[in-house]
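See below for target03.cif, which holds mmCIF, C-alpha atoms and all ligand atoms.
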data_structure
#
loop_
_atom_site.label_atom_id
_atom_site.label_comp_id
_atom_site.auth_asym_id
_atom_site.auth_seq_id
_atom_site.Cartn_x
_atom_site.Cartn_y
_atom_site.Cartn_z
CA MET A 183 -11.57 -7.72 18.77
CA LEU A 184 -14.03 -9.66 16.58
CA GLU A 185 -14.61 -13.15 17.88
CA ALA A 186 -16.97 -15.88 16.73
CA ILE A 187 -17.14 -18.84 19.09
CA THR A 188 -18.61 -22.10 17.75
CA VAL A 189 -21.31 -20.21 15.88
CA LYS A 190 -24.13 -22.03 14.20
CA LYS A 191 -26.85 -20.37 12.12
CA GLN A 192 -29.81 -22.26 10.85
CA PHE A 193 -32.40 -20.78 8.46
CA GLY A 194 -35.18 -23.34 8.79
CA ALA A 195 -33.71 -26.60 7.53
CA LYS A 196 -30.76 -24.78 5.92
CA CYS A 197 -27.57 -24.72 7.98
CA ALA A 198 -25.82 -21.51 6.82
CA LEU A 199 -23.05 -21.65 9.44
CA ASP A 200 -21.85 -24.77 11.19
CA ASP A 201 -19.58 -24.47 14.21
CA VAL A 202 -17.60 -21.47 12.97
CA SER A 203 -14.94 -19.97 15.24
CA LEU A 204 -12.63 -17.15 14.27
CA ASN A 205 -10.79 -14.28 15.89
CA VAL A 206 -9.84 -10.99 14.22
CA GLN A 207 -7.25 -9.03 16.17
CA PRO A 208 -6.68 -5.25 16.09
CA GLY A 209 -4.51 -4.55 13.03
CA ASP A 210 -5.70 -7.66 11.19
CA ILE A 211 -7.34 -7.59 7.78
CA TYR A 212 -9.15 -10.91 7.77
CA CYS A 213 -10.46 -11.88 4.31
CA LEU A 214 -13.25 -14.43 4.13
CA LEU A 215 -13.26 -16.38 0.87
CA GLY A 216 -15.81 -18.92 -0.29
CA ALA A 217 -18.23 -19.81 -3.05
CA ASN A 218 -21.69 -18.23 -3.32
CA GLY A 219 -23.79 -19.39 -0.39
CA ALA A 220 -20.80 -20.45 1.75
CA GLY A 221 -22.01 -18.34 4.71
CA LYS A 222 -19.74 -15.27 4.53
CA THR A 223 -22.48 -12.61 4.61
CA THR A 224 -24.32 -14.54 7.30
CA LEU A 225 -21.28 -14.24 9.57
CA ILE A 226 -21.02 -10.49 8.91
CA ASN A 227 -24.76 -10.09 9.61
CA LEU A 228 -24.38 -11.93 12.92
CA PHE A 229 -21.64 -9.53 14.09
CA LEU A 230 -23.95 -6.67 13.10
CA ASN A 231 -26.78 -8.26 15.13
CA PHE A 232 -29.01 -8.09 12.04
CA ILE A 233 -29.69 -11.79 12.72
CA GLN A 234 -29.10 -13.92 15.82
CA PRO A 235 -27.10 -17.16 16.08
CA THR A 236 -28.84 -20.50 16.56
CA ALA A 237 -25.93 -21.48 18.83
CA GLY A 238 -22.56 -20.04 19.83
CA ARG A 239 -21.49 -16.49 20.67
CA LEU A 240 -20.21 -13.40 18.90
CA LEU A 241 -17.97 -11.01 20.80
CA ILE A 242 -16.74 -7.55 19.92
CA ASN A 243 -13.96 -6.31 22.16
CA LYS A 244 -14.89 -9.20 24.50
CA ARG A 245 -18.50 -7.98 24.77
CA ASP A 246 -21.31 -10.27 23.73
CA VAL A 247 -23.29 -8.94 20.74
CA ALA A 248 -26.53 -10.52 22.00
CA ALA A 249 -26.15 -9.26 25.57
CA GLU A 250 -24.87 -5.76 24.73
CA PRO A 251 -26.23 -4.88 21.28
CA PHE A 252 -25.88 -1.10 21.58
CA GLU A 253 -22.42 -1.08 23.16
CA THR A 254 -21.06 -3.52 20.58
CA LYS A 255 -22.64 -1.68 17.63
CA ARG A 256 -20.91 1.50 18.75
CA LEU A 257 -17.53 -0.18 18.20
CA LEU A 258 -18.36 -1.18 14.62
CA ALA A 259 -18.55 0.39 11.22
CA TYR A 260 -20.08 -1.49 8.31
CA ILE A 261 -19.52 -1.00 4.61
CA PRO A 262 -21.91 -3.10 2.51
CA GLU A 263 -21.40 -3.85 -1.15
CA GLN A 264 -23.54 -0.82 -2.02
CA VAL A 265 -23.07 2.00 0.49
CA ASN A 266 -26.51 3.55 1.02
CA LEU A 267 -26.35 7.32 1.12
CA TYR A 268 -28.83 10.09 0.35
CA PRO A 269 -28.38 10.78 -3.38
CA GLN A 270 -29.79 14.31 -3.17
CA LEU A 271 -27.29 15.33 -0.50
CA SER A 272 -23.63 16.05 -1.12
CA GLY A 273 -20.79 13.91 0.22
CA VAL A 274 -20.11 16.34 3.03
CA GLU A 275 -23.84 16.57 3.92
CA ASN A 276 -24.16 12.78 4.01
CA LEU A 277 -21.10 12.53 6.22
CA ALA A 278 -22.45 15.28 8.51
CA PHE A 279 -25.77 13.42 8.84
CA PHE A 280 -24.35 9.93 9.48
CA ALA A 281 -21.51 11.15 11.70
CA THR A 282 -24.01 13.02 13.90
CA LEU A 283 -26.15 9.86 14.12
CA ALA A 284 -23.12 7.77 15.05
CA ILE A 285 -21.39 10.03 17.56
CA GLY A 286 -24.22 12.27 18.73
CA GLU A 287 -22.45 15.53 17.96
CA GLU A 288 -22.18 17.81 14.97
CA LEU A 289 -18.72 18.05 13.47
CA PRO A 290 -17.54 21.35 11.95
CA ARG A 291 -17.24 21.49 8.15
CA GLU A 292 -13.41 21.61 8.29
CA ARG A 293 -13.37 18.34 10.25
CA LEU A 294 -15.82 16.72 7.79
CA LEU A 295 -13.61 17.74 4.87
CA GLU A 296 -10.56 16.42 6.70
CA LEU A 297 -12.31 13.04 7.15
CA LEU A 298 -13.38 12.87 3.50
CA GLN A 299 -9.84 13.68 2.46
CA ALA A 300 -8.43 11.01 4.79
CA ALA A 301 -10.86 8.57 3.14
CA GLY A 302 -9.42 9.47 -0.26
CA LEU A 303 -12.30 11.52 -1.67
CA PRO A 304 -11.07 14.37 -3.90
CA LEU A 305 -12.05 17.56 -2.06
CA GLN A 306 -13.52 19.15 -5.17
CA ALA A 307 -16.18 16.36 -5.12
CA ALA A 308 -17.19 16.94 -1.48
CA ASP A 309 -20.01 19.34 -2.36
CA ASP A 310 -21.32 17.38 -5.34
CA ARG A 311 -24.53 15.39 -4.97
CA VAL A 312 -23.83 11.76 -4.03
CA GLY A 313 -26.23 10.69 -6.80
CA THR A 314 -23.43 11.66 -9.19
CA TYR A 315 -20.75 9.62 -7.34
CA SER A 316 -19.20 6.36 -8.55
CA LYS A 317 -19.33 3.25 -6.35
CA GLY A 318 -15.73 3.88 -5.25
CA MET A 319 -16.56 7.44 -4.20
CA ARG A 320 -19.60 6.27 -2.18
CA GLN A 321 -17.38 3.76 -0.43
CA LYS A 322 -14.98 6.53 0.48
CA VAL A 323 -17.84 8.38 2.16
CA GLY A 324 -18.52 5.08 3.99
CA ILE A 325 -14.91 4.98 5.14
CA ALA A 326 -15.13 8.64 6.25
CA ILE A 327 -18.19 7.73 8.37
CA ALA A 328 -16.18 4.88 9.93
CA LEU A 329 -13.31 7.30 10.64
CA ALA A 330 -15.72 9.85 12.19
CA LYS A 331 -17.06 7.10 14.41
CA ASN A 332 -13.54 6.07 15.38
CA ALA A 333 -14.68 2.48 14.87
CA LYS A 334 -12.54 -0.23 16.45
CA ALA A 335 -13.75 -2.83 13.97
CA LEU A 336 -14.72 -2.58 10.35
CA LEU A 337 -16.98 -5.09 8.58
CA LEU A 338 -17.10 -5.12 4.80
CA ASP A 339 -19.12 -7.21 2.39
CA GLU A 340 -17.46 -7.57 -1.01
CA PRO A 341 -16.14 -4.02 -1.00
CA THR A 342 -14.06 -4.28 -4.17
CA SER A 343 -16.61 -6.01 -6.40
CA GLY A 344 -17.37 -3.75 -9.34
CA LEU A 345 -14.42 -1.44 -8.67
CA ASP A 346 -11.88 -1.00 -11.44
CA PRO A 347 -8.38 -2.28 -10.57
CA SER A 348 -6.98 1.12 -9.63
CA ALA A 349 -10.03 2.03 -7.48
CA ALA A 350 -9.81 -1.42 -5.83
CA ASN A 351 -6.12 -0.85 -5.17
CA GLU A 352 -6.79 2.59 -3.71
CA PHE A 353 -9.51 1.12 -1.52
CA SER A 354 -7.15 -1.62 -0.32
CA GLU A 355 -4.65 1.06 0.71
CA LEU A 356 -7.34 2.72 2.82
CA LEU A 357 -7.97 -0.59 4.57
CA VAL A 358 -4.26 -1.08 5.19
CA ASN A 359 -4.06 2.43 6.70
CA ALA A 360 -7.05 1.74 8.95
CA SER A 361 -5.51 -1.55 10.09
CA ARG A 362 -2.22 0.21 10.88
CA ASN A 363 -4.22 2.40 13.24
CA GLY A 364 -5.29 -0.73 15.12
CA VAL A 365 -8.70 -1.28 13.52
CA ALA A 366 -9.74 -4.94 13.23
CA ILE A 367 -11.08 -5.57 9.72
CA LEU A 368 -13.25 -8.47 8.56
CA THR A 369 -14.11 -8.49 4.87
CA THR A 370 -15.75 -10.93 2.51
CA THR A 371 -14.38 -11.13 -1.01
CA HIS A 372 -14.36 -13.27 -4.13
CA ASP A 373 -11.09 -11.71 -5.16
CA LEU A 374 -8.21 -14.03 -4.27
CA PHE A 375 -5.68 -11.49 -5.49
CA HIS A 376 -7.14 -8.82 -3.19
CA ALA A 377 -7.19 -11.28 -0.26
CA LYS A 378 -3.54 -12.19 -0.73
CA GLN A 379 -2.44 -8.63 -1.44
CA THR A 380 -4.36 -6.82 1.29
CA GLY A 381 -5.28 -9.44 3.87
CA THR A 382 -3.12 -10.41 6.81
CA ARG A 383 -5.30 -13.48 7.46
CA ILE A 384 -7.42 -15.51 5.09
CA GLY A 385 -10.31 -17.82 5.95
CA ILE A 386 -11.76 -20.20 3.38
CA MET A 387 -15.41 -21.15 3.86
CA ARG A 388 -17.30 -23.97 2.27
CA ARG A 389 -20.94 -24.86 2.89
CA GLY A 390 -21.14 -23.09 6.24
CA LYS A 391 -17.81 -24.34 7.57
CA LEU A 392 -14.54 -22.50 7.96
CA VAL A 393 -12.38 -25.13 6.29
CA GLN A 394 -9.00 -23.39 6.46
CA GLU A 395 -7.34 -20.34 7.98
CA LEU A 396 -3.94 -19.06 6.92
CA ASN A 397 -1.60 -16.12 7.14
CA SER A 398 -1.48 -14.46 3.75
CA ALA A 399 2.29 -13.96 4.11
CA ASP A 400 2.69 -17.75 4.19
CA VAL A 401 1.25 -18.40 0.71
CA SER A 402 2.00 -17.23 -2.81
CA HIS A 403 -0.82 -16.08 -5.11
CA ALA A 404 -0.54 -19.35 -7.02
CA ASP A 405 -0.61 -21.47 -3.84
CA LEU A 406 -3.66 -19.64 -2.53
CA GLN A 407 -5.48 -20.19 -5.80
CA ALA A 408 -4.58 -23.88 -5.87
CA LEU A 409 -5.61 -24.32 -2.22
CA TYR A 410 -8.89 -22.50 -2.75
CA LEU A 411 -9.80 -24.57 -5.80
CA GLU A 412 -8.86 -27.75 -3.95
CA HIS A 413 -11.28 -26.87 -1.13
CA MET A 414 -14.03 -26.04 -3.59
CA LYS A 415 -13.61 -29.47 -5.23
CA ALA A 416 -13.58 -31.48 -2.00
N1 LIG B 501 -32.52 -14.91 5.40
C1 LIG B 501 -32.23 -16.10 4.91
N2 LIG B 501 -33.20 -17.07 4.86
C2 LIG B 501 -32.93 -18.28 4.38
N3 LIG B 501 -31.73 -18.66 3.93
C3 LIG B 501 -30.74 -17.77 3.94
C4 LIG B 501 -30.93 -16.44 4.44
N4 LIG B 501 -29.76 -15.77 4.35
C5 LIG B 501 -28.87 -16.64 3.82
N5 LIG B 501 -29.46 -17.84 3.59
C6 LIG B 501 -28.81 -19.03 3.04
O1 LIG B 501 -27.66 -19.27 3.83
C7 LIG B 501 -26.57 -19.69 3.01
C8 LIG B 501 -25.39 -18.74 3.21
O2 LIG B 501 -25.70 -17.49 2.59
P1 LIG B 501 -24.70 -16.24 2.61
O3 LIG B 501 -25.44 -15.08 2.03
O4 LIG B 501 -24.13 -16.10 3.96
O5 LIG B 501 -23.58 -16.74 1.61
P2 LIG B 501 -22.30 -15.95 1.04
O6 LIG B 501 -21.11 -16.80 1.32
O7 LIG B 501 -22.28 -14.57 1.55
O8 LIG B 501 -22.63 -15.97 -0.52
P3 LIG B 501 -22.28 -14.87 -1.66
O9 LIG B 501 -20.85 -15.07 -2.00
O10 LIG B 501 -23.19 -15.28 -2.78
O11 LIG B 501 -22.61 -13.51 -1.13
C9 LIG B 501 -27.11 -19.72 1.57
O12 LIG B 501 -27.52 -21.05 1.28
C10 LIG B 501 -28.30 -18.81 1.62
O13 LIG B 501 -29.28 -19.20 0.67
#

Produce structure tokens that represent the structure in this file.
Amino acid sequence: MLEAITVKKQFGAKCALDDVSLNVQPGDIYCLLGANGAGKTTLINLFLNFIQPTAGRLLINKRDVAAEPFETKRLLAYIPEQVNLYPQLSGVENLAFFATLAIGEELPRERLLELLQAAGLPLQAADDRVGTYSKGMRQKVGIAIALAKNAKALLLDEPTSGLDPSAANEFSELLVNASRNGVAILTTTHDLFHAKQTGTRIGIMRRGKLVQELNSADVSHADLQALYLEHMKA
């Protein structure tokens, strides 16, 4: 569903991505690990067509992001580290606004509440101003927007950073549910525990290269940590 084929991204003299290929299938939760500056966000931004590759191709559902930017964007939902919503509007009003933008039709209030509930937002908070929400609650509105859009692929940039352990766990469960519905998920994270616990696949990046891919079921927490640190040392 999400495919990078020998992707290179150069920012002037800086090579942010060097010959990166990966494939995220429907139902996968692919966690990208790597030190600061390894190139994780750059890869996400390429799939979003925020930036263009220097070489290589990015495909979403076999469609080229560069050749079909609108069609490919329609298949995606994106949850950045800080979900940007209108603080003066309530959760349900934000969802109504962004869902209409994404799907071109207004959803009835009952459907909006259903989506917020499916995304784990307590219903009594739906009419509160988003300016009063925690980070975890804003992310749930982000997930509800993705659900409204019926996105086939979900891109996330460090979604659990700054969440307390129980909010992070709850968020991970939402990702697992989405993946069970056949969504392909690509997420960056610095949290090895989260990657092992939630991910089906793990990619380790170092200095613009994807240095290892593994199935999370094949490693223990301790092995993953040892492997990661080994790559960071190399
Ligand atoms: N717009 C840009 N212009 C110049 N250099 C950039 C730009 N965006 C990223 N870079 C550089 O590309 C490299 C990869 O950055 P990227 O943000 O993808 O790393 P990351 O793995 O997401 O890091 P972090 O874990 O800190 O978020 C870094 O050296 C960064 O400085």

TODO: Identify the residues within 12 Å of coordinate (-16.3, 16.5, -4.7) (same frame as the file), considering all atoms listed in the file, and give the answer as a ChimeraX atom specification.
DONE: /A:271-275,295,298-299,302-316,319-320,322-323

TODO: Give as a ChimeraX atom specification the residues surrounding ligand LIG 501 (chain B) up to a distance of 6 Å, considering all atoms listed in the file.
DONE: /A:193,198,216-224

- [ ] Grab the CA of Leu214 (chain A) to CA of Leu357 (chain A) distance for me, in Å with one decimal place.
- [x]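 Atom-to-atom, CA of Leu214 (chain A) and CA of Leu357 (chain A) are spaced 14.8 Å apart.
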
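Computed from the coordinates, the CA of Asn332 (chain A) to CA of Leu297 (chain A) distance equals 10.9 Å.
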
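Rounded to one decimal, CA of Phe232 (chain A) and CA of Asn363 (chain A) lie 26.9 Å from each other.
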